[in-house]
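See below for the structure under consideration.
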Amino acid sequence: MLNSNAAIPLLEQTPLLVFIHLTAAILAFVFGLIMLIRKKGTPVHKRLGRVWVALMAFTALSSFFIQTQGHFSVIHVLSVLTLIALFRGVYAIRHGDQRTHRRNMLLAYGGLVIAGLFTLDPHRLLGHLLLG
């Protein structure tokens, strides 16, 4: 539940990059879920996949400019692994290797979900907003 008493002042103090990063992450989560549900290999899958990869890459790359108390965290390790998985997944599908593509895209999506769970810590912005 959104802690409305603390939300507005906290949101006003939050850097724009954090909002953009969070927006990209949420969109990547939704697009990824759609990709998991829909039929694979269709023109729509390919178009959505390109958008999803761009959102995921942006989310992972932008995370390096968001640090807790000036330090990198476990989430940044997930960002590196996500970027590697995205590269390997795109490379694989361009070379006809559907199995490797699927595995790496699932790994990238899993990284997003795990990183999202880390952000629910009450000491982080999203956790503080949602959990107080």
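Chain labels run A, B, ... following the order of the structure tokens; each chain numbers its residues from 1, and ligands are numbered from 1 in the order shown.
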Item to check | DSSP-assigned alpha helix (DSSP H) members of chain A, reported as a PyMOL selection string | outcome: chain A and resi 4-12+16-37+43-63+74-94+98-118+125-131
Checklist entry - Quick one: residues within 8 Å of Ala85 of chain A, only C-alpha atoms counted, chain neighbours fewer than 6 positions away excluded, as JSON, numbers by chain? => result {"A": [104, 105, 107, 108]}
Checklist outcome for this item: Separating atom CA of Leu16 of chain A from atom CA of Phe64 of chain A, to the nearest tenth of an Å, is a gap of 14.5 Å
Checklist entry - Quick one: residues within 9 Å of Gly32 of chain A, only C-alpha atoms counted, chain neighbours fewer than 2 positions away excluded, as a list in words? => result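 That gives Leu27, Ala28, Phe29, Val30, Ile34, Met35, Leu36, Ile37, Leu48, Gly49, Trp52 and Tyr109 of chain A.
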Residues from the last selection, C-alpha atoms, saved as a PDB file, in the first residue's frame:
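Contents of result_18.pdb, as written:
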```pdb
ATOM      1  CA  LEU A  27       7.559  -1.369 -18.840  1.00  0.00           C
ATOM      2  CA  ALA A  28      10.204  -4.086 -19.327  1.00  0.00           C
ATOM      3  CA  PHE A  29       8.476  -6.221 -16.711  1.00  0.00           C
ATOM      4  CA  VAL A  30       5.084  -5.834 -18.440  1.00  0.00           C
ATOM      5  CA  ILE A  34       3.479 -10.370 -22.510  1.00  0.00           C
ATOM      6  CA  MET A  35       6.384 -11.987 -24.370  1.00  0.00           C
ATOM      7  CA  LEU A  36       6.250 -15.011 -22.085  1.00  0.00           C
ATOM      8  CA  ILE A  37       2.519 -15.479 -22.644  1.00  0.00           C
ATOM      9  CA  LEU A  48       7.820  -6.526 -28.999  1.00  0.00           C
ATOM     10  CA  GLY A  49      11.094  -8.335 -28.419  1.00  0.00           C
ATOM     11  CA  TRP A  52      11.756  -5.271 -24.635  1.00  0.00           C
ATOM     12  CA  TYR A 109      13.831 -11.446 -17.308  1.00  0.00           C
TER      13      TYR A 109
END
```
Using only C-alpha atoms, find each residue of segment 46-88 of chain A with at least one atom at most 12 Å away from an atom of segment 93-99 of chain A; report its shortest atom-to-atom pair and that distance in Å (one decimal), sort the rows by chain and rising residue number, and return the result as CSV.
```
residue,atom,partner,partner_atom,distance
A:Lys46,CA,A:Ile93,CA,10.4
A:Gly49,CA,A:Ile93,CA,11.1
A:Arg50,CA,A:Ile93,CA,11.8
A:Leu86,CA,A:Ile93,CA,10.8
A:Phe87,CA,A:Ile93,CA,10.2
A:Arg88,CA,A:Ile93,CA,8.7
```
File of the preceding selection, C-alpha atoms, as a PDB file, in the first residue's frame:
```
ATOM      1  CA  LYS A  46       9.824  -9.951 -32.897  1.00  0.00           C
ATOM      2  CA  GLY A  49      11.094  -8.335 -28.419  1.00  0.00           C
ATOM      3  CA  ARG A  50      13.085  -5.464 -29.884  1.00  0.00           C
ATOM      4  CA  LEU A  86      20.600  -9.858 -23.610  1.00  0.00           C
ATOM      5  CA  PHE A  87      23.629  -9.813 -25.904  1.00  0.00           C
ATOM      6  CA  ARG A  88      23.846 -13.609 -25.972  1.00  0.00           C
TER       7      ARG A  88
END
```
